[in-house]
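Have a look at my_file.cif; it's mmCIF, C-alpha atoms:
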data_data
loop_
_atom_site.label_atom_id
_atom_site.label_comp_id
_atom_site.auth_asym_id
_atom_site.auth_seq_id
_atom_site.Cartn_x
_atom_site.Cartn_y
_atom_site.Cartn_z
CA MET X 1 122.42 114.76 105.99
CA LYS X 2 120.08 113.98 103.10
CA VAL X 3 122.78 112.29 100.99
CA LYS X 4 124.01 110.28 103.98
CA THR X 5 120.49 109.10 104.85
CA HIS X 6 119.74 108.27 101.20
CA PHE X 7 122.95 106.21 100.96
CA LEU X 8 122.21 104.45 104.26
CA ARG X 9 118.67 103.60 103.13
CA GLY X 10 120.03 102.19 99.86
CA PHE X 11 122.63 100.15 101.71
CA ILE X 12 120.05 98.70 104.09
CA LEU X 13 117.59 97.87 101.33
CA LYS X 14 120.07 96.51 98.79
CA VAL X 15 122.65 94.84 101.08
CA VAL X 16 121.31 94.29 104.60
CA TYR X 17 117.83 93.16 103.51
CA PRO X 18 119.11 90.32 101.24
CA VAL X 19 121.48 89.18 104.00
CA LEU X 20 118.62 89.11 106.51
CA MET X 21 116.47 87.16 104.06
CA LEU X 22 119.30 84.65 103.63
CA ILE X 23 119.56 84.27 107.40
CA GLY X 24 115.76 84.06 107.54
CA ALA X 25 115.89 81.12 105.14
CA PHE X 26 117.70 79.19 107.88
CA PHE X 27 115.77 80.66 110.81
CA LYS X 28 112.23 80.68 109.40
CA SER X 29 110.71 81.76 112.73
CA LYS X 30 112.68 85.04 112.51
CA LYS X 31 112.06 85.93 108.86
CA GLN X 32 108.85 87.90 109.46
CA GLU X 33 110.55 89.81 112.30
CA PHE X 34 113.44 90.69 109.97
CA GLN X 35 110.99 91.95 107.34
CA ALA X 36 109.11 94.08 109.89
CA TYR X 37 112.45 95.46 111.09
CA ILE X 38 113.40 96.51 107.54
CA VAL X 39 110.04 98.28 107.11
CA LYS X 40 110.51 100.12 110.42
CA LEU X 41 114.10 101.07 109.62
CA ASN X 42 113.10 102.26 106.15
CA ASN X 43 110.33 104.44 107.61
CA ILE X 44 112.76 106.02 110.07
CA LEU X 45 115.23 106.82 107.28
CA VAL X 46 112.55 108.18 104.93
CA MET X 47 111.29 110.44 107.72
CA ARG X 48 114.74 111.87 108.34
CA ASN X 49 114.59 113.80 105.08
CA ASN X 50 112.60 116.67 103.73
CA ILE X 51 111.52 115.70 100.25
CA ASN X 52 109.79 117.34 97.33
CA VAL X 53 106.47 115.53 96.98
CA LYS X 54 103.85 116.54 94.46
CA LYS X 55 102.31 113.15 93.72
CA ILE X 56 101.60 110.59 96.45
CA LEU X 57 100.33 107.07 95.81
CA LEU X 58 98.39 105.13 98.42
CA LEU X 59 99.02 101.50 97.49
CA LEU X 60 96.83 98.85 99.10
CA PRO X 61 96.70 95.04 99.07
CA HIS X 62 93.64 93.33 97.59
CA CYS X 63 93.07 91.48 100.87
CA ILE X 64 91.91 94.72 102.50
CA GLN X 65 88.65 94.41 100.57
CA ASN X 66 85.84 92.42 102.18
CA SER X 67 86.14 88.87 100.86
CA LYS X 68 82.35 88.57 100.48
CA CYS X 69 82.09 91.63 98.24
CA ASP X 70 80.90 90.76 94.73
CA ILE X 71 82.82 93.64 93.12
CA ARG X 72 86.52 92.96 92.61
CA LEU X 73 88.51 96.17 92.92
CA THR X 74 91.79 94.96 91.52
CA PHE X 75 92.17 97.69 88.92
CA ASP X 76 89.61 100.40 89.64
CA VAL X 77 89.19 101.15 93.33
CA PHE X 78 86.47 103.68 92.48
CA LYS X 79 84.08 100.85 91.52
CA CYS X 80 83.63 100.41 95.29
CA ARG X 81 80.01 100.81 96.40
CA ARG X 82 81.28 102.34 99.67
CA CYS X 83 79.08 100.07 101.77
CA GLY X 84 81.42 100.33 104.77
CA LYS X 85 81.98 96.58 105.27
CA CYS X 86 85.70 97.15 104.81
CA LYS X 87 88.04 100.14 105.00
CA ILE X 88 88.08 100.78 101.23
CA LYS X 89 85.34 103.42 101.56
CA ASP X 90 87.36 105.31 104.20
CA LEU X 91 90.60 104.98 102.24
CA ILE X 92 88.96 106.37 99.10
CA GLU X 93 87.67 109.31 101.14
CA ILE X 94 91.16 109.97 102.48
CA ALA X 95 92.58 109.83 98.95
CA GLU X 96 89.92 112.23 97.70
CA ASN X 97 90.36 114.62 100.65
CA TYR X 98 94.12 114.79 100.15
CA ASN X 99 93.95 114.61 96.35
CA ILE X 100 96.29 111.62 96.08
CA SER X 101 96.33 108.55 93.85
CA ILE X 102 95.00 105.30 95.27
CA ALA X 103 95.37 101.78 93.91
CA ILE X 104 94.86 98.17 94.91
CA ALA X 105 97.38 95.56 93.84
CA THR X 106 96.88 91.80 93.82
CA GLY X 107 100.60 91.18 94.13
CA GLY X 108 104.09 92.50 93.53
CA THR X 109 103.93 92.47 89.73
CA ILE X 110 100.74 94.55 89.67
CA ALA X 111 102.11 96.85 92.39
CA ARG X 112 105.25 97.54 90.34
CA LYS X 113 103.07 98.18 87.26
CA VAL X 114 100.94 100.68 89.20
CA VAL X 115 104.04 102.50 90.47
CA LYS X 116 105.45 102.65 86.94
CA GLU X 117 102.18 104.05 85.54
CA VAL X 118 101.42 106.53 88.34
CA LYS X 119 105.05 107.72 88.69
CA PRO X 120 104.61 108.95 92.27
CA ASP X 121 107.12 111.09 94.15
CA ALA X 122 106.27 109.14 97.31
CA ILE X 123 104.29 106.07 98.30
CA ILE X 124 102.31 105.08 101.34
CA ALA X 125 102.09 101.32 101.09
CA VAL X 126 100.00 98.91 103.13
CA ALA X 127 100.77 95.19 103.14
CA CYS X 128 102.07 92.27 105.18
CA GLU X 129 105.72 92.13 106.22
CA ARG X 130 106.84 90.06 103.23
CA ASP X 131 105.11 92.10 100.52
CA LEU X 132 105.88 95.43 102.15
CA SER X 133 109.59 94.80 102.68
CA SER X 134 110.13 93.45 99.16
CA GLY X 135 108.02 96.24 97.67
CA ILE X 136 110.06 98.90 99.44
CA VAL X 137 113.23 97.33 98.05
CA ASP X 138 111.74 97.12 94.54
CA THR X 139 110.67 100.79 94.47
CA TYR X 140 113.89 102.26 95.89
CA PRO X 141 114.83 105.17 95.61
CA ILE X 142 111.20 106.37 95.77
CA PRO X 143 110.47 107.27 99.41
CA VAL X 144 107.98 104.79 100.84
CA ILE X 145 106.32 104.85 104.22
CA GLY X 146 105.24 101.28 104.89
CA ILE X 147 102.28 100.45 107.10
CA LEU X 148 101.76 96.86 108.15
CA ASN X 149 98.22 95.60 107.68
CA GLU X 150 96.28 94.06 110.53
CA ARG X 151 95.18 90.45 110.03
CA PRO X 152 92.36 89.61 112.44
CA PHE X 153 91.27 86.65 110.27
CA GLY X 154 94.74 85.47 109.31
CA PRO X 155 96.84 86.32 106.25
CA CYS X 156 95.38 87.43 102.94
CA ILE X 157 91.70 87.66 103.93
CA ASP X 158 89.69 90.59 105.25
CA THR X 159 92.73 92.47 106.49
CA THR X 160 92.50 96.02 107.76
CA VAL X 161 94.70 99.03 108.42
CA SER X 162 94.85 101.94 110.83
CA LEU X 163 93.34 104.98 109.12
CA LYS X 164 95.22 107.16 111.61
CA GLN X 165 98.55 105.73 110.47
CA ILE X 166 97.62 106.44 106.84
CA GLU X 167 96.67 110.04 107.63
CA ASP X 168 99.76 110.52 109.79
CA ALA X 169 101.97 109.37 106.90
CA LEU X 170 100.14 111.68 104.47
CA LYS X 171 100.47 114.63 106.82
CA TRP X 172 104.16 113.84 107.26
CA PHE X 173 104.79 113.93 103.50
CA ILE X 174 102.76 117.13 103.15
CA ASN X 175 104.41 118.90 106.11
CA HIS X 176 108.01 117.89 105.30
CA GLN X 177 108.33 119.34 101.86
CA GLU X 178 111.81 120.34 100.77
CA LYS X 179 112.13 124.09 101.20
#
Any chance you could put this one into structure tokens?
Amino acid sequence: MKVKTHFLRGFILKVVYPVLMLIGAFFKSKKQEFQAYIVKLNNILVMRNNINVKKILLLLPHCIQNSKCDIRLTFDVFKCRRCGKCKIKDLIEIAENYNISIAIATGGTIARKVVKEVKPDAIIAVACERDLSSGIVDTYPIPVIGILNERPFGPCIDTTVSLKQIEDALKWFINHQEK
């Protein structure tokens, strides 16, 4: 079952995803839906396996930080003053409670650099449909549970995320260790 699911995930990410993005180039109104579908399908396939996870990375977009904050957290999330004006404080607490790595990336290049440096066994990634779907493809075969950010003020500014979804993903990775 594990090999079959792994192959299917690879096929979807490396073959189906590019085809959907090509179709999305012609049907722009559907592209974001296709990307969200890939994230959802990826999550289902990741969660079909028991995996050996020792090191988990929580990877966040820079837009989750309050845009009025005078401290930029692009490289060191622990510089956060934990004022509570955004979810960074809560996310750091979750990372500390579960003893996992946490990082903020300003884009795909930085995100790939973080993944390369941290060398996680699994990733919980938060981002918009476009960044999340392409990031999942870029980090394959690392298992990634993708969580779409919430954008109450529009894209790329003062976004947020469900802390429950983050904790649920963490608990899933912890409770589904390969025996």
As AutoDock Vina command-line options, please report the centre and edge lengths, rounded to one decimal in Å, of the axis-aligned box that holds all listed atoms of stretch 96-109 of chain X with 4 Å of padding on each of the six sides.
--center_x 97.0 --center_y 103.0 --center_z 95.2 --size_x 22.2 --size_y 31.6 --size_z 18.9
What's around stretch 48-62 of chain X at 7 Å? Count all atoms listed in the file, leave out sequence neighbours fewer than 5 positions away in its own chain, and write the answer as a compact mmCIF listing (two decimals) with C-alpha atoms, in the coordinates of the input.
# COMPACT_ATOMS: atom_id res chain seq x y z
CA LYS X 2 120.08 113.98 103.10
CA THR X 74 91.79 94.96 91.52
CA ILE X 100 96.29 111.62 96.08
CA SER X 101 96.33 108.55 93.85
CA ILE X 102 95.00 105.30 95.27
CA ALA X 103 95.37 101.78 93.91
CA ILE X 104 94.86 98.17 94.91
CA ALA X 105 97.38 95.56 93.84
CA THR X 106 96.88 91.80 93.82
CA PRO X 120 104.61 108.95 92.27
CA ASP X 121 107.12 111.09 94.15
CA ALA X 122 106.27 109.14 97.31
CA ILE X 123 104.29 106.07 98.30
CA ILE X 124 102.31 105.08 101.34
CA ALA X 125 102.09 101.32 101.09
CA VAL X 126 100.00 98.91 103.13
CA ALA X 127 100.77 95.19 103.14
CA PHE X 173 104.79 113.93 103.50
CA HIS X 176 108.01 117.89 105.30
CA GLN X 177 108.33 119.34 101.86
CA GLU X 178 111.81 120.34 100.77
In Å, with one decimal, what is the gap from atom CA of X:Cys86 to atom CA of X:Thr139?
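Spanning atom CA of X:Cys86 to atom CA of X:Thr139 is a straight-line distance of 27.3 Å.
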Can you translate the PyMOL selection byres ((chain X and resi 156-164) around 10) into the concrete residues it hits in this file, as a ChimeraX atom specification?
/X:60-68,85-88,90-91,94,126-128,147-155,165-170
Pairwise distance, atom CA of X:Glu93 with atom CA of X:Ile174, equals 17.1 Å
Atom-to-atom span, atom CA of X:Lys40 and atom CA of X:Arg130, Å
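Here the two named atoms are 12.9 Å from each other.
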Please identify all polymer residues within 8 Å of X:Cys80, counting all atoms listed in the file, omitting same-chain residues fewer than 4 positions from it, and present them as number ranges by chain.
X: 71, 73, 88-89
Min atom-atom distance to X:Glu96 from the set X:Leu41, X:Leu132, X:Val77, X:Val114, counting only C-alpha atoms, belongs to X:Val77
Since I can't run it myself right now, could you work out what the PyMOL selection byres ((chain X and resi 11-20) around 8) selects here and report it as a list in words?
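Taken over the shown coordinates, the PyMOL selection byres ((chain X and resi 11-20) around 8) returns Phe7, Leu8, Arg9, Gly10, Met21, Leu22, Ile23, Gly24, Lys31, Phe34, Gln35, Ile38, Asn42, Ile136, Val137 and Tyr140 of chain X.
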Residue with smallest distance to X:Ile145 - pool X:Arg82, X:Lys171, X:Lys30, X:Lys4, counting all atoms listed in the file
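Of X:Arg82, X:Lys171, X:Lys30, X:Lys4, the one nearest X:Ile145 is X:Lys171, counting all atoms listed in the file.
You can rank X:Val46, X:Cys69, X:Thr5, X:Val39 by their closest distance to X:Ile142 using all atoms listed in the file, and at the top of that list sits X:Val46.
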